[in-house]
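Shown next, in structure tokens, is the structure this report addresses.
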Amino acid sequence: MKKIFLLSFVILLNCGLHAQMVKILTSGTKTSLRGLSVVSDKTVWVSGSSGTVGFTSDGGINWHWINVNGFEKRDFRDIEAFNDSTAIIMAVDKPAYILKTSDAGKSWRTVYSNFEKGMFLDAMDFNKNNGVVIGDPINGKFFVATTKDAGETWLDMPFTQRPKADSGEACFASSGTNVRLLINNKPVFISGGVSSHFYLDKKKIFLPILQGKESTGANSIAYKNKKMFVAVGGDFNAKNDRERNCFVTYNAGKTWSAPVVSPLGYRSCIEFLKQNTWITCGLNGVDISLNNCKEFTSISTDGFHVCRKSPTANIVYFAGSNGRVGSYLL
């Protein structure tokens, strides 16, 4: 009877998860959206290819779309929004640009630019006014810049202090989440490619995630507290491959373990929600874990590049290819 009860409970749990499918809010354009910032349950900003920025203040019922003047051919792979009118966008590739608006996208001003050979910005993260942006290695070291005034001014980390990269090691600009700014304003980031590592407090720690090719490695990192971190990735050329695509550490990187049930393929983003709940997404769908990443369950087969929670953690938003934006109510 006990086994029957447990089996019935698991079936009901899975049915409940599948019933709460990800809701598609908008789609149908050629835009690839990889930047996503959730200001509140209702206010969401997205950014992506062709100089595109979009935002909604009513939970996705209505959207306002912008192609930033003069940057129509640039790809804004990450965005950080502070409220309904203020946001920062990051353009990858050379020259690197970070732009800021204070009037809901009507005008943009350049707050950072870098024309150095090899520049390729990958992601940024903020903790109130403090922020960090990370880029691919230049002359063997990862590029890092920081801000203390909500992105108004940026300071490049001196070359001698930058983290050293292995040959063939880089970062993926897939979801704007390969770097996170911790509560103490220290950054943690992950890398991929031929080799993959976890960087924390000037420590370079090997990640057992799939690696060895340019298309493999860690794509996203998230944390629950100062000890528990989760990294996801895999091979973006093999979207259905579940091999070594997710790893968890409960001791700040000293040891790593894989879930008993991994996400259903390559994953470009992982987000901690609340209590023991995490969510992850990739090219072939979305998975959720209710037990601290021990097991993941699929809740959607719609592909997304990025997922981010609202400050209340009551709703998760997603963004991806073909202008697709979705939401999931917790």
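FYI, nothing fancy with the structure tokens labels: chains A, B, ... in order, residues from 1 per chain, ligands from 1 as they appear.
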Nearby residues (only C-alpha atoms) at most 9 Å from Asn284 (chain A), same-chain spacing under 5 positions excluded, as an NGL selection string
:A and (239-240 or 264-267 or 300-304)
Can you pull out every residue within 10 Å of Glu116 (chain A), counting only C-alpha atoms, but drop anything in the same chain fewer than 5 positions away, and send it as a list in words? Lys94, Pro95, Ala96 and Ile138 of chain A
List every residue of region 17-138 of chain A that DSSP, applied to the backbone, labels as strand (DSSP E), and write the result as a CSV table (one decimal) with all heavy atoms, in the first residue's frame.
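Output file selection.csv is given in full below:
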chain,number,residue,atom,x,y,z
A,23,LYS,N,3.4,29.5,-20.5
A,23,LYS,CA,2.5,30.3,-21.3
A,23,LYS,C,3.2,31.2,-22.3
A,23,LYS,O,4.1,31.9,-21.8
A,23,LYS,CB,1.5,31.1,-20.5
A,23,LYS,CG,0.5,32.0,-21.2
A,23,LYS,CD,-0.3,32.8,-20.3
A,23,LYS,CE,-1.3,33.7,-21.0
A,23,LYS,NZ,-2.1,34.6,-20.1
A,24,ILE,N,3.0,31.1,-23.6
A,24,ILE,CA,3.6,31.9,-24.6
A,24,ILE,C,2.9,33.3,-24.6
A,24,ILE,O,1.7,33.3,-24.9
A,24,ILE,CB,3.6,31.2,-26.0
A,24,ILE,CG1,4.3,29.9,-25.9
A,24,ILE,CG2,4.3,32.2,-27.0
A,24,ILE,CD1,5.8,29.9,-25.5
A,25,LEU,N,3.7,34.3,-24.4
A,25,LEU,CA,3.1,35.7,-24.3
A,25,LEU,C,3.3,36.4,-25.7
A,25,LEU,O,2.4,37.2,-26.0
A,25,LEU,CB,3.9,36.5,-23.2
A,25,LEU,CG,3.8,35.9,-21.8
A,25,LEU,CD1,4.7,36.8,-20.9
A,25,LEU,CD2,2.4,35.9,-21.3
A,26,THR,N,4.3,36.1,-26.4
A,26,THR,CA,4.5,36.7,-27.7
A,26,THR,C,5.6,35.9,-28.5
A,26,THR,O,6.5,35.3,-27.9
A,26,THR,CB,5.0,38.2,-27.6
A,26,THR,OG1,5.1,38.8,-28.9
A,26,THR,CG2,6.3,38.3,-26.9
A,33,LEU,N,16.1,36.5,-28.7
A,33,LEU,CA,16.1,37.2,-27.5
A,33,LEU,C,17.0,36.4,-26.5
A,33,LEU,O,16.6,35.2,-26.1
A,33,LEU,CB,14.7,37.4,-26.9
A,33,LEU,CG,13.8,38.2,-27.8
A,33,LEU,CD1,12.4,38.2,-27.3
A,33,LEU,CD2,14.3,39.7,-28.0
A,34,ARG,N,18.0,37.0,-26.0
A,34,ARG,CA,18.9,36.3,-24.9
A,34,ARG,C,19.0,37.2,-23.7
A,34,ARG,O,19.4,36.6,-22.6
A,34,ARG,CB,20.3,36.0,-25.5
A,34,ARG,CG,20.2,35.0,-26.6
A,34,ARG,CD,21.6,34.6,-27.1
A,34,ARG,NE,21.6,33.7,-28.2
A,34,ARG,CZ,21.7,32.4,-28.1
A,34,ARG,NH1,21.8,31.8,-26.9
A,34,ARG,NH2,21.7,31.6,-29.2
A,35,GLY,N,18.7,38.4,-23.8
A,35,GLY,CA,18.7,39.3,-22.6
A,35,GLY,C,17.3,39.3,-21.9
A,35,GLY,O,16.3,39.5,-22.6
A,36,LEU,N,17.3,39.2,-20.6
A,36,LEU,CA,16.0,39.2,-19.9
A,36,LEU,C,16.2,39.8,-18.5
A,36,LEU,O,17.1,39.4,-17.8
A,36,LEU,CB,15.4,37.8,-19.8
A,36,LEU,CG,14.2,37.5,-19.0
A,36,LEU,CD1,13.0,38.3,-19.5
A,36,LEU,CD2,13.8,36.1,-19.0
A,37,SER,N,15.4,40.7,-18.1
A,37,SER,CA,15.4,41.3,-16.8
A,37,SER,C,14.0,41.5,-16.3
A,37,SER,O,13.2,42.1,-17.0
A,37,SER,CB,16.2,42.7,-16.8
A,37,SER,OG,16.3,43.2,-15.5
A,38,VAL,N,13.7,41.0,-15.1
A,38,VAL,CA,12.3,41.0,-14.5
A,38,VAL,C,12.3,42.0,-13.3
A,38,VAL,O,12.9,41.7,-12.3
A,38,VAL,CB,11.9,39.6,-14.1
A,38,VAL,CG1,10.4,39.7,-13.6
A,38,VAL,CG2,12.0,38.7,-15.3
A,44,VAL,N,8.7,43.6,-17.3
A,44,VAL,CA,9.8,42.8,-17.9
A,44,VAL,C,10.4,43.5,-19.1
A,44,VAL,O,9.7,44.1,-19.9
A,44,VAL,CB,9.2,41.4,-18.3
A,44,VAL,CG1,10.3,40.5,-18.9
A,44,VAL,CG2,8.4,40.8,-17.2
A,45,TRP,N,11.7,43.4,-19.2
A,45,TRP,CA,12.5,43.9,-20.3
A,45,TRP,C,13.2,42.7,-21.0
A,45,TRP,O,13.7,41.8,-20.3
A,45,TRP,CB,13.5,44.9,-19.8
A,45,TRP,CG,13.0,46.2,-19.3
A,45,TRP,CD1,12.3,46.4,-18.2
A,45,TRP,CD2,13.2,47.5,-19.9
A,45,TRP,NE1,12.0,47.7,-18.0
A,45,TRP,CE2,12.6,48.4,-19.1
A,45,TRP,CE3,13.8,47.9,-21.1
A,45,TRP,CZ2,12.6,49.8,-19.4
A,45,TRP,CZ3,13.8,49.3,-21.4
A,45,TRP,CH2,13.2,50.2,-20.5
A,46,VAL,N,13.3,42.8,-22.3
A,46,VAL,CA,14.1,41.8,-23.1
A,46,VAL,C,15.0,42.5,-24.1
A,46,VAL,O,14.7,43.6,-24.4
A,46,VAL,CB,13.2,40.8,-23.8
A,46,VAL,CG1,12.4,39.9,-22.8
A,46,VAL,CG2,12.2,41.5,-24.7
A,47,SER,N,16.0,41.8,-24.5
A,47,SER,CA,16.9,42.4,-25.6
A,47,SER,C,17.4,41.2,-26.4
A,47,SER,O,17.5,40.1,-26.0
A,47,SER,CB,18.0,43.1,-24.9
A,47,SER,OG,18.9,42.3,-24.2
A,48,GLY,N,17.9,41.6,-27.6
A,48,GLY,CA,18.4,40.6,-28.5
A,48,GLY,C,19.0,41.1,-29.8
A,48,GLY,O,19.6,42.2,-29.9
A,52,THR,N,17.4,45.0,-30.9
A,52,THR,CA,16.1,44.9,-30.4
A,52,THR,C,16.0,45.0,-28.9
A,52,THR,O,16.8,44.3,-28.2
A,52,THR,CB,15.4,43.6,-30.8
A,52,THR,OG1,15.3,43.6,-32.2
A,52,THR,CG2,13.9,43.6,-30.3
A,53,VAL,N,15.1,45.8,-28.4
A,53,VAL,CA,14.8,45.9,-26.9
A,53,VAL,C,13.2,45.9,-26.8
A,53,VAL,O,12.6,46.6,-27.6
A,53,VAL,CB,15.4,47.1,-26.3
A,53,VAL,CG1,14.9,47.2,-24.8
A,53,VAL,CG2,16.9,47.1,-26.3
A,54,GLY,N,12.7,45.2,-25.9
A,54,GLY,CA,11.3,45.2,-25.7
A,54,GLY,C,10.9,45.2,-24.2
A,54,GLY,O,11.7,44.8,-23.4
A,55,PHE,N,9.8,45.8,-23.9
A,55,PHE,CA,9.4,45.8,-22.5
A,55,PHE,C,7.9,45.8,-22.3
A,55,PHE,O,7.1,46.2,-23.2
A,55,PHE,CB,10.0,46.9,-21.7
A,55,PHE,CG,9.5,48.3,-22.1
A,55,PHE,CD1,8.4,48.9,-21.5
A,55,PHE,CD2,10.3,49.0,-23.0
A,55,PHE,CE1,8.0,50.2,-21.9
A,55,PHE,CE2,9.9,50.3,-23.4
A,55,PHE,CZ,8.7,50.9,-22.8
A,56,THR,N,7.4,45.3,-21.2
A,56,THR,CA,6.0,45.2,-20.9
A,56,THR,C,5.8,45.7,-19.4
A,56,THR,O,6.7,45.4,-18.6
A,56,THR,CB,5.4,43.8,-21.1
A,56,THR,OG1,4.0,43.8,-20.7
A,56,THR,CG2,6.1,42.8,-20.2
A,64,HIS,N,6.1,46.9,-25.9
A,64,HIS,CA,6.7,48.0,-26.6
A,64,HIS,C,8.0,47.6,-27.2
A,64,HIS,O,8.9,47.3,-26.4
A,64,HIS,CB,6.8,49.3,-25.7
A,64,HIS,CG,7.3,50.5,-26.4
A,64,HIS,ND1,6.6,51.1,-27.4
A,64,HIS,CD2,8.5,51.2,-26.3
A,64,HIS,CE1,7.3,52.2,-27.9
A,64,HIS,NE2,8.5,52.2,-27.2
A,65,TRP,N,8.2,47.7,-28.5
A,65,TRP,CA,9.4,47.2,-29.1
A,65,TRP,C,10.2,48.4,-29.7
A,65,TRP,O,9.7,49.3,-30.3
A,65,TRP,CB,9.1,46.2,-30.2
A,65,TRP,CG,8.5,44.9,-29.7
A,65,TRP,CD1,7.2,44.6,-29.7
A,65,TRP,CD2,9.2,43.9,-29.0
A,65,TRP,NE1,7.0,43.4,-29.1
A,65,TRP,CE2,8.2,42.9,-28.7
A,65,TRP,CE3,10.5,43.6,-28.8
A,65,TRP,CZ2,8.5,41.7,-28.0
A,65,TRP,CZ3,10.8,42.4,-28.1
A,65,TRP,CH2,9.9,41.5,-27.7
A,66,ILE,N,11.6,48.3,-29.6
A,66,ILE,CA,12.5,49.3,-30.0
A,66,ILE,C,13.6,48.7,-30.8
A,66,ILE,O,14.1,47.6,-30.4
A,66,ILE,CB,13.1,50.0,-28.8
A,66,ILE,CG1,12.0,50.6,-27.9
A,66,ILE,CG2,14.1,51.1,-29.2
A,66,ILE,CD1,12.4,50.9,-26.5
A,67,ASN,N,14.0,49.3,-31.9
A,67,ASN,CA,15.3,49.0,-32.5
A,67,ASN,C,16.2,50.2,-32.2
A,67,ASN,O,16.0,51.3,-32.8
A,67,ASN,CB,15.2,48.7,-34.0
A,67,ASN,CG,14.4,47.5,-34.3
A,67,ASN,OD1,13.2,47.5,-34.6
A,67,ASN,ND2,15.1,46.3,-34.1
A,76,PHE,N,22.2,42.6,-28.7
A,76,PHE,CA,22.2,42.9,-27.2
A,76,PHE,C,21.9,41.7,-26.4
A,76,PHE,O,20.8,41.3,-26.2
A,76,PHE,CB,21.2,44.0,-26.9
A,76,PHE,CG,21.5,45.4,-27.6
A,76,PHE,CD1,20.6,46.0,-28.5
A,76,PHE,CD2,22.7,46.0,-27.3
A,76,PHE,CE1,20.9,47.2,-29.0
A,76,PHE,CE2,23.0,47.2,-27.8
A,76,PHE,CZ,22.1,47.8,-28.7
A,77,ARG,N,23.0,41.0,-26.0
A,77,ARG,CA,22.8,39.7,-25.4
A,77,ARG,C,22.5,39.7,-23.9
A,77,ARG,O,22.2,38.7,-23.3
A,77,ARG,CB,24.2,38.9,-25.5
A,77,ARG,CG,24.5,38.5,-27.0
A,77,ARG,CD,23.7,37.3,-27.5
A,77,ARG,NE,24.1,36.9,-28.8
A,77,ARG,CZ,24.9,35.9,-29.1
A,77,ARG,NH1,25.4,35.2,-28.1
A,77,ARG,NH2,25.2,35.6,-30.3
A,78,ASP,N,22.5,40.9,-23.3
A,78,ASP,CA,22.1,41.0,-21.9
A,78,ASP,C,21.5,42.3,-21.6
A,78,ASP,O,21.8,43.3,-22.3
A,78,ASP,CB,23.3,40.7,-21.0
A,78,ASP,CG,22.9,40.3,-19.6
A,78,ASP,OD1,21.6,40.1,-19.4
A,78,ASP,OD2,23.7,40.0,-18.7
A,79,ILE,N,20.6,42.4,-20.6
A,79,ILE,CA,19.9,43.6,-20.2
A,79,ILE,C,19.7,43.6,-18.7
A,79,ILE,O,19.5,42.5,-18.1
A,79,ILE,CB,18.6,43.8,-21.0
A,79,ILE,CG1,17.9,45.1,-20.7
A,79,ILE,CG2,17.6,42.6,-20.6
A,79,ILE,CD1,16.8,45.4,-21.6
A,80,GLU,N,19.9,44.7,-18.1
A,80,GLU,CA,19.6,44.9,-16.7
A,80,GLU,C,18.6,46.1,-16.5
A,80,GLU,O,19.0,47.2,-16.9
A,80,GLU,CB,20.8,45.1,-15.9
A,80,GLU,CG,20.6,45.3,-14.4
A,80,GLU,CD,20.2,44.0,-13.6
A,80,GLU,OE1,20.5,43.0,-14.2
A,80,GLU,OE2,19.6,44.1,-12.5
A,81,ALA,N,17.4,45.9,-16.1
A,81,ALA,CA,16.4,46.9,-15.9
A,81,ALA,C,16.3,47.2,-14.4
A,81,ALA,O,16.3,46.3,-13.6
A,81,ALA,CB,15.1,46.5,-16.5
A,87,ALA,N,17.1,51.2,-17.9
A,87,ALA,CA,17.7,49.9,-18.2
A,87,ALA,C,19.1,50.1,-18.8
A,87,ALA,O,19.4,51.1,-19.4
A,87,ALA,CB,16.8,49.1,-19.1
A,88,ILE,N,19.9,49.0,-18.8
A,88,ILE,CA,21.2,49.0,-19.4
A,88,ILE,C,21.2,47.8,-20.3
A,88,ILE,O,20.7,46.7,-20.0
A,88,ILE,CB,22.3,48.8,-18.3
A,88,ILE,CG1,22.4,50.1,-17.5
A,88,ILE,CG2,23.6,48.5,-19.0
A,88,ILE,CD1,23.5,50.0,-16.5
A,89,ILE,N,21.8,47.9,-21.5
A,89,ILE,CA,21.9,46.8,-22.5
A,89,ILE,C,23.4,46.7,-22.9
A,89,ILE,O,24.2,47.6,-22.9
A,89,ILE,CB,21.1,47.1,-23.8
A,89,ILE,CG1,21.3,48.5,-24.3
A,89,ILE,CG2,19.6,46.8,-23.5
A,89,ILE,CD1,20.5,48.8,-25.6
A,90,MET,N,23.8,45.5,-23.2
A,90,MET,CA,25.2,45.1,-23.5
A,90,MET,C,25.2,44.5,-24.9
A,90,MET,O,24.6,43.5,-25.2
A,90,MET,CB,25.6,44.1,-22.5
A,90,MET,CG,27.1,43.6,-22.6
A,90,MET,SD,27.3,42.0,-21.8
A,90,MET,CE,26.5,40.9,-23.0
A,91,ALA,N,26.1,45.2,-25.7
A,91,ALA,CA,26.3,44.7,-27.1
A,91,ALA,C,27.6,43.8,-27.2
A,91,ALA,O,28.6,44.3,-26.7
A,91,ALA,CB,26.4,45.9,-28.1
A,96,ALA,N,32.8,46.8,-28.2
A,96,ALA,CA,31.9,46.5,-27.1
A,96,ALA,C,31.2,47.8,-26.7
A,96,ALA,O,31.9,48.8,-26.5
A,96,ALA,CB,32.6,45.8,-26.0
A,97,TYR,N,29.9,47.7,-26.5
A,97,TYR,CA,29.2,48.8,-26.0
A,97,TYR,C,28.2,48.4,-24.9
A,97,TYR,O,27.6,47.3,-24.9
A,97,TYR,CB,28.3,49.4,-27.1
A,97,TYR,CG,29.0,50.3,-28.2
A,97,TYR,CD1,29.3,49.8,-29.4
A,97,TYR,CD2,29.5,51.5,-27.9
A,97,TYR,CE1,30.0,50.5,-30.4
A,97,TYR,CE2,30.1,52.3,-28.8
A,97,TYR,CZ,30.4,51.8,-30.1
A,97,TYR,OH,31.0,52.6,-31.0
A,98,ILE,N,28.1,49.3,-23.9
A,98,ILE,CA,27.0,49.3,-22.9
A,98,ILE,C,26.3,50.6,-23.0
A,98,ILE,O,26.9,51.7,-22.9
A,98,ILE,CB,27.6,49.0,-21.5
A,98,ILE,CG1,28.4,47.7,-21.5
A,98,ILE,CG2,26.5,49.0,-20.5
A,98,ILE,CD1,29.0,47.4,-20.1
A,99,LEU,N,24.9,50.5,-23.2
A,99,LEU,CA,24.1,51.7,-23.3
A,99,LEU,C,23.1,51.7,-22.2
A,99,LEU,O,22.7,50.7,-21.6
A,99,LEU,CB,23.3,51.6,-24.7
A,99,LEU,CG,24.1,51.3,-25.9
A,99,LEU,CD1,23.2,51.3,-27.1
A,99,LEU,CD2,25.2,52.4,-26.2
A,100,LYS,N,22.6,52.9,-21.9
A,100,LYS,CA,21.7,53.1,-20.8
A,100,LYS,C,20.6,54.1,-21.2
A,100,LYS,O,20.8,55.0,-21.9
A,100,LYS,CB,22.4,53.7,-19.6
A,100,LYS,CG,21.5,53.7,-18.3
A,100,LYS,CD,22.3,54.0,-17.1
A,100,LYS,CE,21.4,54.0,-15.8
A,100,LYS,NZ,22.2,54.3,-14.6
A,101,THR,N,19.3,53.7,-20.8
A,101,THR,CA,18.2,54.6,-21.1
A,101,THR,C,17.6,55.0,-19.7
A,101,THR,O,17.6,54.2,-18.8
A,101,THR,CB,17.1,53.9,-21.9
A,101,THR,OG1,16.0,54.8,-22.1
A,101,THR,CG2,16.6,52.7,-21.3
A,109,ARG,N,22.2,56.3,-24.3
A,109,ARG,CA,23.5,56.9,-24.3
A,109,ARG,C,24.5,55.9,-23.9
A,109,ARG,O,24.3,54.9,-23.2
A,109,ARG,CB,23.6,58.1,-23.3
A,109,ARG,CG,23.1,57.7,-21.9
A,109,ARG,CD,22.9,59.0,-21.0
A,109,ARG,NE,22.3,58.7,-19.8
A,109,ARG,CZ,22.9,58.3,-18.7
A,109,ARG,NH1,24.2,58.2,-18.7
A,109,ARG,NH2,22.3,58.0,-17.6
A,110,THR,N,25.7,56.1,-24.5
A,110,THR,CA,26.8,55.1,-24.3
A,110,THR,C,27.5,55.4,-23.0
A,110,THR,O,27.9,56.5,-22.7
A,110,THR,CB,27.8,55.2,-25.4
A,110,THR,OG1,27.2,55.0,-26.7
A,110,THR,CG2,29.0,54.3,-25.2
A,111,VAL,N,27.5,54.4,-22.1
A,111,VAL,CA,28.1,54.5,-20.8
A,111,VAL,C,29.4,53.7,-20.7
A,111,VAL,O,30.2,53.9,-19.8
A,111,VAL,CB,27.2,54.1,-19.6
A,111,VAL,CG1,26.0,55.0,-19.5
A,111,VAL,CG2,26.7,52.6,-19.8
A,112,TYR,N,29.7,52.9,-21.8
A,112,TYR,CA,30.9,52.2,-21.8
A,112,TYR,C,31.2,51.7,-23.3
A,112,TYR,O,30.2,51.3,-24.0
A,112,TYR,CB,30.9,50.9,-21.0
A,112,TYR,CG,32.3,50.2,-21.0
A,112,TYR,CD1,33.3,50.6,-20.2
A,112,TYR,CD2,32.4,49.1,-21.9
A,112,TYR,CE1,34.5,49.9,-20.3
A,112,TYR,CE2,33.6,48.4,-21.9
A,112,TYR,CZ,34.7,48.8,-21.1
A,112,TYR,OH,35.9,48.2,-21.2
A,113,SER,N,32.4,51.9,-23.7
A,113,SER,CA,32.8,51.4,-25.1
A,113,SER,C,34.2,50.9,-25.0
A,113,SER,O,35.0,51.4,-24.2
A,113,SER,CB,32.7,52.4,-26.1
A,113,SER,OG,33.5,53.5,-25.8
A,114,ASN,N,34.5,49.8,-25.8
A,114,ASN,CA,35.9,49.3,-25.8
A,114,ASN,C,36.2,48.8,-27.2
A,114,ASN,O,35.4,47.9,-27.7
A,114,ASN,CB,36.0,48.2,-24.8
A,114,ASN,CG,37.5,47.8,-24.5
A,114,ASN,OD1,38.2,47.6,-25.5
A,114,ASN,ND2,37.8,47.6,-23.3
A,121,LEU,N,31.9,40.8,-25.2
A,121,LEU,CA,31.3,40.8,-23.9
A,121,LEU,C,30.3,39.6,-23.9
A,121,LEU,O,29.6,39.4,-24.8
A,121,LEU,CB,30.6,42.1,-23.6
A,121,LEU,CG,31.5,43.3,-23.5
A,121,LEU,CD1,30.7,44.6,-23.2
A,121,LEU,CD2,32.6,43.1,-22.4
A,122,ASP,N,30.1,39.0,-22.7
A,122,ASP,CA,29.3,37.8,-22.6
A,122,ASP,C,28.1,38.0,-21.7
A,122,ASP,O,27.0,37.5,-22.0
A,122,ASP,CB,30.1,36.6,-22.1
A,122,ASP,CG,31.2,36.2,-23.1
A,122,ASP,OD1,30.8,35.6,-24.1
A,122,ASP,OD2,32.4,36.4,-22.8
A,123,ALA,N,28.2,38.6,-20.6
A,123,ALA,CA,27.1,38.7,-19.6
A,123,ALA,C,27.5,39.8,-18.6
A,123,ALA,O,28.6,40.1,-18.3
A,123,ALA,CB,26.9,37.4,-19.0
A,124,MET,N,26.4,40.2,-17.9
A,124,MET,CA,26.6,41.2,-16.8
A,124,MET,C,25.6,40.8,-15.7
A,124,MET,O,24.5,40.2,-16.0
A,124,MET,CB,26.5,42.6,-17.2
A,124,MET,CG,25.2,43.0,-17.9
A,124,MET,SD,25.2,44.7,-18.5
A,124,MET,CE,23.5,44.8,-19.2
A,125,ASP,N,25.9,41.3,-14.5
A,125,ASP,CA,24.9,41.1,-13.4
A,125,ASP,C,25.1,42.2,-12.4
A,125,ASP,O,26.1,42.9,-12.3
A,125,ASP,CB,25.2,39.8,-12.7
A,125,ASP,CG,24.1,39.3,-11.8
A,125,ASP,OD1,22.9,39.6,-12.1
A,125,ASP,OD2,24.3,38.7,-10.7
A,126,PHE,N,24.0,42.5,-11.7
A,126,PHE,CA,23.9,43.6,-10.8
A,126,PHE,C,23.4,43.2,-9.4
A,126,PHE,O,22.5,42.3,-9.3
A,126,PHE,CB,23.0,44.8,-11.4
A,126,PHE,CG,23.7,45.6,-12.4
A,126,PHE,CD1,23.9,45.2,-13.7
A,126,PHE,CD2,24.2,46.9,-12.0
A,126,PHE,CE1,24.5,46.0,-14.6
A,126,PHE,CE2,24.8,47.7,-12.9
A,126,PHE,CZ,25.0,47.3,-14.2
A,127,ASN,N,23.9,43.9,-8.4
A,127,ASN,CA,23.3,43.9,-7.1
A,127,ASN,C,23.1,45.3,-6.7
A,127,ASN,O,24.0,46.0,-6.2
A,127,ASN,CB,24.3,43.2,-6.1
A,127,ASN,CG,23.7,43.1,-4.7
A,127,ASN,OD1,22.5,43.3,-4.4
A,127,ASN,ND2,24.6,42.9,-3.7
A,130,ASN,N,25.7,48.1,-7.7
A,130,ASN,CA,27.0,47.4,-8.1
A,130,ASN,C,26.7,46.4,-9.2
A,130,ASN,O,25.7,45.7,-9.2
A,130,ASN,CB,27.5,46.6,-6.8
A,130,ASN,CG,27.9,47.6,-5.7
A,130,ASN,OD1,28.9,48.2,-5.8
A,130,ASN,ND2,27.1,47.6,-4.7
A,131,GLY,N,27.7,46.4,-10.2
A,131,GLY,CA,27.5,45.6,-11.3
A,131,GLY,C,28.9,45.1,-11.8
A,131,GLY,O,29.9,45.6,-11.5
A,132,VAL,N,28.8,44.0,-12.6
A,132,VAL,CA,30.0,43.4,-13.2
A,132,VAL,C,29.7,42.9,-14.6
A,132,VAL,O,28.5,42.5,-14.9
A,132,VAL,CB,30.5,42.2,-12.4
A,132,VAL,CG1,29.5,41.1,-12.2
A,132,VAL,CG2,31.8,41.6,-12.9
A,133,VAL,N,30.6,43.1,-15.5
A,133,VAL,CA,30.5,42.5,-16.9
A,133,VAL,C,31.7,41.7,-17.2
A,133,VAL,O,32.8,42.0,-16.8
A,133,VAL,CB,30.3,43.6,-17.9
A,133,VAL,CG1,31.5,44.5,-18.0
A,133,VAL,CG2,30.0,43.1,-19.3
A,134,ILE,N,31.5,40.6,-17.8
A,134,ILE,CA,32.6,39.7,-18.1
A,134,ILE,C,32.6,39.4,-19.6
A,134,ILE,O,31.6,39.4,-20.3
A,134,ILE,CB,32.4,38.3,-17.4
A,134,ILE,CG1,33.7,37.5,-17.5
A,134,ILE,CG2,31.2,37.5,-17.8
A,134,ILE,CD1,33.8,36.4,-16.5
A,135,GLY,N,33.9,39.2,-20.1
A,135,GLY,CA,34.1,39.0,-21.6
A,135,GLY,C,35.0,37.9,-21.8
A,135,GLY,O,35.8,37.4,-20.9
A,136,ASP,N,35.1,37.4,-23.1
A,136,ASP,CA,36.0,36.4,-23.4
A,136,ASP,C,37.5,36.8,-23.2
A,136,ASP,O,37.8,38.0,-23.1
A,136,ASP,CB,35.9,36.0,-24.9
A,136,ASP,CG,34.6,35.2,-25.2
A,136,ASP,OD1,34.1,34.7,-24.2
A,136,ASP,OD2,34.3,35.0,-26.3
A,137,PRO,N,38.4,35.8,-23.0
A,137,PRO,CA,39.8,36.1,-22.8
A,137,PRO,C,40.4,36.9,-23.9
A,137,PRO,O,40.2,36.8,-25.0
A,137,PRO,CB,40.4,34.7,-22.7
A,137,PRO,CG,39.3,33.8,-22.4
A,137,PRO,CD,38.1,34.3,-23.1
A,138,ILE,N,41.2,37.9,-23.4
A,138,ILE,CA,42.1,38.7,-24.3
A,138,ILE,C,43.5,38.4,-23.8
A,138,ILE,O,43.8,38.7,-22.6
A,138,ILE,CB,41.7,40.2,-24.2
A,138,ILE,CG1,40.3,40.4,-24.7
A,138,ILE,CG2,42.7,41.0,-25.1
A,138,ILE,CD1,39.8,41.8,-24.6
- Pick out the closest residue to Leu210 (chain A) from this set: A:Lys274, A:Lys106, A:Lys148, A:His197. Count only C-alpha atoms.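 Once distances to Leu210 (chain A) are computed over only C-alpha atoms, the minimum belongs to A:His197.
Listed by chain and then by rising number, the residues of region 18-251 of chain A that DSSP assigns to helix (DSSP H, G or I) from the backbone are A:His18, A:Ala19, A:Phe159, A:Thr160, A:Gln161.
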Excluding Pro259 (chain A) and its own-chain neighbours fewer than 6 positions away, which residues fall within 12 Å of it when counting only C-alpha atoms? Please give them as an NGL selection string. :A and (209 or 230-232 or 242-249 or 289 or 291-297)
Selected residues written out with C-alpha atoms, as a tab-separated table (two decimals), in the first residue's frame:
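Here's the written file selection.tsv:
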chain	number	residue	atom	x	y	z
A	209	ILE	CA	30.44	19.25	-16.97
A	230	VAL	CA	24.34	24.90	-9.79
A	231	ALA	CA	25.90	24.99	-13.27
A	232	VAL	CA	24.20	23.88	-16.49
A	242	ARG	CA	21.68	14.87	-21.40
A	243	GLU	CA	25.28	13.81	-20.87
A	244	ARG	CA	26.93	15.77	-18.00
A	245	ASN	CA	24.70	18.82	-18.55
A	246	CYS	CA	24.11	19.79	-14.90
A	247	PHE	CA	26.25	19.76	-11.75
A	248	VAL	CA	25.63	20.87	-8.17
A	249	THR	CA	27.99	21.83	-5.38
A	289	SER	CA	13.29	20.77	-9.76
A	291	ASN	CA	14.16	19.02	-4.45
A	292	ASN	CA	17.31	21.14	-4.78
A	293	CYS	CA	18.31	19.81	-8.21
A	294	LYS	CA	18.30	16.15	-7.27
A	295	GLU	CA	15.64	15.51	-9.93
A	296	PHE	CA	14.31	17.58	-12.81
A	297	THR	CA	10.90	17.27	-14.48
Between CA of Cys171 (chain A) and CA of Thr43 (chain A) - distance in Å to one decimal
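Between CA of Thr43 (chain A) and CA of Cys171 (chain A) the gap is 28.7 Å.
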Can you list, as a list in words, every protein, DNA or RNA residue that comes within 10 Å of Lys226 (chain A) when you count only C-alpha atoms, leaving out same-chain residues fewer than 2 positions away?
->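 Neighbouring residues, sequence-local ones excluded: Leu182, Ile183, Asn184, Tyr223, Lys224, Met228, Phe229, Tyr250, Asn251 and Ala252 of chain A.
For Lys30 (chain A), the list of residues within 8 Å, based on only C-alpha atoms and with local chain neighbours fewer than 5 positions off taken out, reads A:Ser321, A:Asn322, A:Gly323.
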Show me, as a CSV table (one decimal) with C-alpha atoms, in the first residue's frame, the residues that have an atom within 9 Å of Phe236 (chain A) when counting only C-alpha atoms, minus same-chain residues fewer than 5 positions from it.
chain,number,residue,atom,x,y,z
A,215,SER,CA,30.3,24.0,-28.4
A,216,THR,CA,30.5,22.3,-25.0
A,266,TYR,CA,21.5,21.1,-23.3
A,267,ARG,CA,20.6,24.0,-21.0
A,268,SER,CA,21.6,27.6,-21.4
A,282,GLY,CA,17.4,25.3,-23.3
A,283,LEU,CA,16.8,24.8,-26.9
